[in-house]
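Report on one structure; see the data block that follows.
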There are 2 protein chains.
Amino acid sequence: MTDTIRKRLLVTFLGVPGILLMTWLGGYWFSLFTLCVMLIAVFEWKLLLKPIGAQPVIAVLLAGVLLQFLSFTKFALLDQFEILLIVGVLTALVEIFRKTSLHTLNISTTLLGFVWIGLFIGGLAPLRFYEAGGYQIGFELSIAMFVTVWLCDTAAYIMGSQFGNRKILPDVSPNKTWMGCVSGVVAAFISMLVFYYSGFFKGFINLRDALMLALIFGVLGQLGDFAESMLKREAGLKDTGSFLMGHGGVLDRFDSLAITAPITYIYARHFIL
Amino acid sequence: MTDTIRKRLLVTFLGVPGILLMTWLGGYWFSLFTLCVMLIAVFEWKLLLKPIGAQPVIAVLLAGVLLQFLSFTKFALLDQFEILLIVGVLTALVEIFRKTSLHTLNISTTLLGFVWIGLFIGGLAPLRFYEAGGYQIGFELSIAMFVTVWLCDTAAYIMGSQFGNRKILPDVSPNKTWMGCVSGVVAAFISMLVFYYSGFFKGFINLRDALMLALIFGVLGQLGDFAESMLKREAGLKDTGSFLMGHGGVLDRFDSLAITAPITYIYARHFIL
């Protein structure tokens, strides 16, 4: 057993129950957990951009992420439009006084960082706290999302590395095969069907919802994975951070969840009432 | 009189009354006007980014700008958070299939373009249609903004070029002087005081509002000007487009307004009720 695999197992055996515990505790615990993930992600974003020469305005990015976090956890003083305006105007203001010739890159990667971390990763919070008919169904939705996304990842990895032949997008993510991706989607559907038929959702969602969520977790989750791989590859970095020993960084571990969380939240707002 | 000056005068003598007329007509006329400005701005953004090698995803940018326009003109099917998510996810999706090594730059400039054009320039619409106490005070606010920003620009240009000595930020905008900037702010205050004391606002705003708006138009307006000059300078382009003969492009002509419009709208929402 290599050192990396040993470290990965350690993170898995601590991380998976840790996240499930935070999700179960909810309230301030889950808020704090989301905030920590976001703050670490900001510094990884800075790291990820270094090789391509971009220097996002970290102070503004942090301020934006904090405002977004407050707005997602119901201490909102500002709405989405106002937060974006503040981030945009402050970034431009700081950049005007900076000595650099890469203003466009700096301003735009500050904004991308804000959207990715503040809105996408930050989407974990409103999903967890989502209520339908006075009941916080966000708990069940979050647990189902974490478990399904992890199963999808694992199935894709195992089936892809054992039986995969045809590469899906070798320029973006050289190891991913059609076999792996399809297996991931199948695993997502199996997982959601098990959740659904076991009565885990307490009747708050119907079969159509369960299948739509399986699609979101299995397909859009993998899209998040591809997108993050692409940016990482461009930067020439294997992992976005060494924070989670051998597991890549937070941006890596939350690449699928960053897309599935806000989209599941929006799906719930429209269809799970 | 040089050819450029002749063309500038032509644009001024057609453009200024044209914009004021559209503002007066309001309704579909002003919506259409805003939409045209936004669409031209999208293509100028593409043009502006060419020299630095960035290729924003124009189809997604257009879709995002249209969704934002609909949301600003009250045909909203989606909220701000949802529109941003759609723009973010679609940009990532398209970029994954693109053959390029500048994904980060392409994705982030697509987002910056969306925020600048969709939210900032697009902010002209909700400002124009802003209602307080059943009356569309957005008309008066928009007229005061257009006139004040133009007077500020003109005062800054004339005073700066005649009496200006000390450059303010030579790296960003080599021609701007302290004299010009301060004169612009003074002109903005005079303009707003004249509007205020003439009874133009029909009692909907008080003196404090008038002074705050003068600050927004005079100071933040010039910030927009600096920000646009900076990006233009980086791209090595004198004007962002030749659409408005000699006047630079739409991004150029609406550089101050892109910041003042959404901020005035938000100011109104909070303080002019």
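Identifiers in the structure tokens: chain A, B, ... in order shown; residue index from 1 per chain; ligand index from 1 in order shown.
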Quiz item: Which chain A residues are at most 8 Å from chain B (counting only C-alpha atoms), as a PyMOL selection string?
Solution: chain A and resi 80-82+84-85+88-89+92-93+96-97+101-105+107-109+111-112+115+119-120+169+172+223+226-227+230-231+234+259+262-263+266
Those selected residues, please, written with C-alpha atoms and delivered as a compact mmCIF listing (two decimals), in the first residue's frame.
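out-v7.txt, freshly written:
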```
# COMPACT_ATOMS: atom_id res chain seq x y z
CA GLN A 80 -27.57 38.69 -5.03
CA PHE A 81 -27.48 41.65 -7.41
CA GLU A 82 -26.05 43.94 -4.74
CA LEU A 84 -22.25 41.08 -7.34
CA LEU A 85 -22.14 44.85 -7.84
CA GLY A 88 -17.39 44.01 -9.36
CA VAL A 89 -16.89 47.64 -8.35
CA ALA A 92 -12.16 47.32 -10.51
CA LEU A 93 -11.23 49.90 -7.88
CA ILE A 96 -6.84 50.45 -11.01
CA PHE A 97 -4.20 51.05 -8.35
CA SER A 101 -0.29 44.46 -17.02
CA LEU A 102 -2.81 41.68 -16.50
CA HIS A 103 -5.79 43.64 -15.24
CA THR A 104 -8.36 41.82 -17.37
CA LEU A 105 -7.14 38.44 -16.15
CA ILE A 107 -10.48 41.15 -12.53
CA SER A 108 -12.11 38.28 -14.35
CA THR A 109 -10.53 35.53 -12.25
CA LEU A 111 -15.18 37.24 -10.42
CA LEU A 112 -14.89 33.60 -11.48
CA VAL A 115 -18.98 32.69 -8.53
CA LEU A 119 -22.26 30.78 -5.27
CA PHE A 120 -21.40 27.23 -6.31
CA LEU A 169 -12.08 13.81 -23.38
CA VAL A 172 -9.26 17.73 -20.54
CA LEU A 223 -19.30 17.99 -15.48
CA PHE A 226 -14.24 17.77 -15.84
CA ALA A 227 -14.30 21.55 -15.42
CA MET A 230 -9.46 21.30 -17.07
CA LEU A 231 -8.44 24.35 -15.03
CA GLU A 234 -4.06 24.25 -17.63
CA ILE A 259 -22.23 22.14 -9.26
CA PRO A 262 -26.68 24.95 -6.04
CA ILE A 263 -28.56 23.15 -8.81
CA ILE A 266 -32.75 25.48 -7.22
```
Please identify all polymer residues within 6 Å of Ala188 (chain B), counting only C-alpha atoms, omitting same-chain residues fewer than 2 positions from it, and present them as a PDB file with N, CA and C atoms, in the first residue's frame.
```pdb
ATOM      1  N   THR B 148     -25.929  64.624 -15.769  1.00  0.00           N
ATOM      2  CA  THR B 148     -24.851  64.881 -14.806  1.00  0.00           C
ATOM      3  C   THR B 148     -23.560  64.168 -15.215  1.00  0.00           C
ATOM      4  N   CYS B 152     -20.162  66.022 -16.135  1.00  0.00           N
ATOM      5  CA  CYS B 152     -18.956  65.656 -15.392  1.00  0.00           C
ATOM      6  C   CYS B 152     -17.820  65.319 -16.354  1.00  0.00           C
ATOM      7  N   VAL B 185     -16.105  66.211 -10.536  1.00  0.00           N
ATOM      8  CA  VAL B 185     -16.903  66.020  -9.324  1.00  0.00           C
ATOM      9  C   VAL B 185     -17.674  67.303  -9.000  1.00  0.00           C
ATOM     10  N   VAL B 186     -16.983  68.448  -9.111  1.00  0.00           N
ATOM     11  CA  VAL B 186     -17.646  69.733  -8.834  1.00  0.00           C
ATOM     12  C   VAL B 186     -18.823  69.931  -9.793  1.00  0.00           C
ATOM     13  N   ILE B 190     -22.776  70.572  -8.934  1.00  0.00           N
ATOM     14  CA  ILE B 190     -23.544  71.725  -9.432  1.00  0.00           C
ATOM     15  C   ILE B 190     -24.777  71.228 -10.190  1.00  0.00           C
ATOM     16  N   SER B 191     -24.574  70.250 -11.078  1.00  0.00           N
ATOM     17  CA  SER B 191     -25.670  69.717 -11.879  1.00  0.00           C
ATOM     18  C   SER B 191     -26.796  69.196 -10.993  1.00  0.00           C
ATOM     19  N   ALA B 214     -25.016  62.908  -6.537  1.00  0.00           N
ATOM     20  CA  ALA B 214     -23.923  63.668  -7.149  1.00  0.00           C
ATOM     21  C   ALA B 214     -22.596  62.949  -6.934  1.00  0.00           C
ATOM     22  N   GLY B 218     -20.474  61.602  -9.906  1.00  0.00           N
ATOM     23  CA  GLY B 218     -19.183  62.277 -10.101  1.00  0.00           C
ATOM     24  C   GLY B 218     -17.985  61.399  -9.794  1.00  0.00           C
TER      25      GLY B 218
END
```
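Across the model, the gap from CA of Leu124 (chain B) to CA of Thr154 (chain B) is 20.9 Å.
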Exercise. Record the distance separating CA of Thr73 (chain B) and CA of Phe129 (chain B), expressed in Å with one decimal.
Key: 8.1 Å
Quiz item: So which residues touch Trp45 (chain A) within 8 Å, counting only C-alpha atoms, skipping near sequence neighbours fewer than 2 positions away, as a list in words?
Solution: Ala41, Val42, Phe43, Leu47, Leu48, Leu49, Gly113, Thr240 and Leu251 of chain A
Selection from above, N, CA and C atoms, as a PDB file, in the first residue's frame, can you write it?
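Generated output (selection37.pdb):
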```
ATOM      1  N   ALA A  41     -10.951  27.148  -0.035  1.00  0.00           N
ATOM      2  CA  ALA A  41     -11.061  27.192  -1.502  1.00  0.00           C
ATOM      3  C   ALA A  41     -10.517  28.502  -2.059  1.00  0.00           C
ATOM      4  N   VAL A  42     -10.728  29.617  -1.345  1.00  0.00           N
ATOM      5  CA  VAL A  42     -10.210  30.907  -1.825  1.00  0.00           C
ATOM      6  C   VAL A  42      -8.683  30.855  -1.964  1.00  0.00           C
ATOM      7  N   PHE A  43      -8.032  30.279  -0.961  1.00  0.00           N
ATOM      8  CA  PHE A  43      -6.572  30.240  -1.029  1.00  0.00           C
ATOM      9  C   PHE A  43      -6.083  29.235  -2.076  1.00  0.00           C
ATOM     10  N   LEU A  47      -3.710  29.814  -5.489  1.00  0.00           N
ATOM     11  CA  LEU A  47      -2.636  28.871  -5.802  1.00  0.00           C
ATOM     12  C   LEU A  47      -2.777  28.326  -7.223  1.00  0.00           C
ATOM     13  N   LEU A  48      -4.003  27.974  -7.567  1.00  0.00           N
ATOM     14  CA  LEU A  48      -4.303  27.373  -8.867  1.00  0.00           C
ATOM     15  C   LEU A  48      -4.016  28.366  -9.994  1.00  0.00           C
ATOM     16  N   LEU A  49      -4.174  29.661  -9.702  1.00  0.00           N
ATOM     17  CA  LEU A  49      -4.017  30.674 -10.744  1.00  0.00           C
ATOM     18  C   LEU A  49      -2.567  31.134 -10.894  1.00  0.00           C
ATOM     19  N   GLY A 113     -13.713  33.310  -9.370  1.00  0.00           N
ATOM     20  CA  GLY A 113     -13.514  32.746  -8.033  1.00  0.00           C
ATOM     21  C   GLY A 113     -14.727  32.998  -7.156  1.00  0.00           C
ATOM     22  N   THR A 240      -5.182  20.779  -6.479  1.00  0.00           N
ATOM     23  CA  THR A 240      -5.308  22.216  -6.251  1.00  0.00           C
ATOM     24  C   THR A 240      -4.745  22.625  -4.903  1.00  0.00           C
ATOM     25  N   LEU A 251     -10.982  22.283  -3.579  1.00  0.00           N
ATOM     26  CA  LEU A 251     -11.580  22.496  -4.906  1.00  0.00           C
ATOM     27  C   LEU A 251     -11.731  21.172  -5.638  1.00  0.00           C
TER      28      LEU A 251
END
```
